[in-house]
Each structure stands twice: as structure tokens, then as C-alpha cells.
Amino acid sequence: MKVLMGTKNPGKIEGAKKAFERYFNSVEIEGIPVNSDVGDQPINEEILQGAKNRVKNLKEYAKNNNIIADYFVSSEAGITNLLGEWIDINCAVVESKEGLQSVGISQGFPIPNKYIEEIKETELGKVMDKIFSGKELGKGKGGISFLTKDEVSRIDLTKNAFIMALTKHINGDIWR
């Protein structure tokens, strides 16, 4: 099974691969960097919009480059206060070659109010790199691995968001 993913981020690719491998055999994921068409730090509705835009741009890239895939997927992280508190979440979008699209989100973690303005002006990864002495947290296990003392990684958050998005794809008509 061929899956195209709208990123080159190794942690996000690994999370998606782990999710797909729970339900499908012989999964090959190719990461292709495409734009989200939202800001560097997605906020609220921009999180889902960015993920959907990446899938749309990925499908266009595949068409223009004669690449055939079974699924087109993306993951976009961002901060939201839609529940009354600032939290960071990952939003995953999975679209089959037939056009069935579904969405899933990961569990979220709280963001202290003292960092919100700086995060909005830059992005969460840069603020966390500063707090945790420049570890390039966005490239691997993510800042969540530091916050949870290695209990949860970016790979885990991404995997769980993709598992949620896959529920429409793995349960047939009963969940569509």
C-alpha cells in the first residue's frame, strides 16, 4: 500500500506509519513537503484547515508528477483555546484514492498562558527549543517527550491522531 504524506518530518512520518501498519500490510509512506497555506503557528480552525490544505496540495503534486497512491495524508499541529484553555493538538487528515476523507485529532497538552503571545508570534517549537535549550524538538520525539519525561512522543500523538482518522476507512459503511 502506497501512502503519500504531506511532510518530510521524520516523527510525523513514523507516527503515520505505525497507525497504518495497525490495519494494513506492506505500508510504504513517502513524505513530500507541501504547503499548509496557513501560518507557521496554526491557531484554532487553522489546524484542521492546514491539514486539509496539505492533502489538497499533495494530491495536486501527485497528479502533476504522475504519482499513484492509495492514501493521501497529513498532520498539522497547532494550539487551540476552543475549550477554554490553551492546548496543543495534532490534527490528521486521511483521504483515500476514491476521495473518502476523514479527520482525527490527538490528545492535547496544556500550554501555560505565559508563553501564548510568544508562541503566536513565532511558533510552539521555537519557544520550546528556547525553554529546553535548543534541542530541535520538532524534528524528532517533540517537546511533549520532554514534558512527559519520555512517556509520550510526537510519534505517539501523530499515531493516535491517524488511528482516529482511520476509523472511517477501516470500518466500512457502518462508520461512514
# chains A, B, ... in the order shown; residues from 1 in each chain; ligands from 1
$ residues_around --residues "A:Ala92" --least-positions-apart "5" --cutoff "8 Å" --atoms "only C-alpha atoms" --output "list in words"
Leu48, Ala51, Val73, Ser74, Ser75, Glu76, Val103, Gly104, Ile105, Thr158, Ala161, Phe162 and Ala165 of chain A
$ write_last_selection --atoms "N, CA and C atoms" --output "compact mmCIF listing (two decimals), in the first residue's frame"
# COMPACT_ATOMS: atom_id res chain seq x y z
N LEU A 48 -7.01 22.38 11.47
CA LEU A 48 -7.69 21.49 10.53
C LEU A 48 -7.54 21.99 9.10
N ALA A 51 -4.15 21.07 7.71
CA ALA A 51 -4.05 19.64 7.38
C ALA A 51 -4.79 19.33 6.09
N VAL A 73 -2.24 11.75 3.01
CA VAL A 73 -2.42 12.06 4.42
C VAL A 73 -1.57 13.26 4.83
N SER A 74 -2.00 13.86 5.94
CA SER A 74 -1.23 14.95 6.50
C SER A 74 -1.52 15.05 7.99
N SER A 75 -0.64 15.76 8.67
CA SER A 75 -0.79 16.03 10.09
C SER A 75 -0.37 17.47 10.33
N GLU A 76 -1.18 18.19 11.04
CA GLU A 76 -0.87 19.59 11.36
C GLU A 76 -1.05 19.77 12.87
N VAL A 103 -11.04 12.78 9.41
CA VAL A 103 -10.21 13.62 10.28
C VAL A 103 -10.11 12.97 11.65
N GLY A 104 -8.95 13.10 12.27
CA GLY A 104 -8.77 12.67 13.64
C GLY A 104 -7.88 13.65 14.37
N ILE A 105 -8.01 13.69 15.68
CA ILE A 105 -7.12 14.53 16.48
C ILE A 105 -6.48 13.70 17.58
N THR A 158 0.98 11.73 16.87
CA THR A 158 0.65 11.62 15.46
C THR A 158 -0.02 10.28 15.17
N ALA A 161 -3.63 10.36 16.37
CA ALA A 161 -4.48 11.19 15.51
C ALA A 161 -4.83 10.43 14.23
N PHE A 162 -3.86 9.73 13.65
CA PHE A 162 -4.12 8.95 12.44
C PHE A 162 -5.03 7.76 12.72
N ALA A 165 -8.43 9.10 12.66
CA ALA A 165 -8.87 9.43 11.30
C ALA A 165 -9.17 8.16 10.49
$ closest_residue --among "A:Gln49, A:Leu83, A:Gln41, A:Asn171" --to "A:Glu121" --atoms "only C-alpha atoms"
A:Gln41
$ closest_residue --among "A:Leu82, A:Val34, A:Leu100, A:Val27" --to "A:Leu166" --atoms "only C-alpha atoms"
A:Leu100
$ atom_distance --atom1 "atom CA of A:Glu85" --atom2 "atom CA of A:Leu157"
18.9 Å
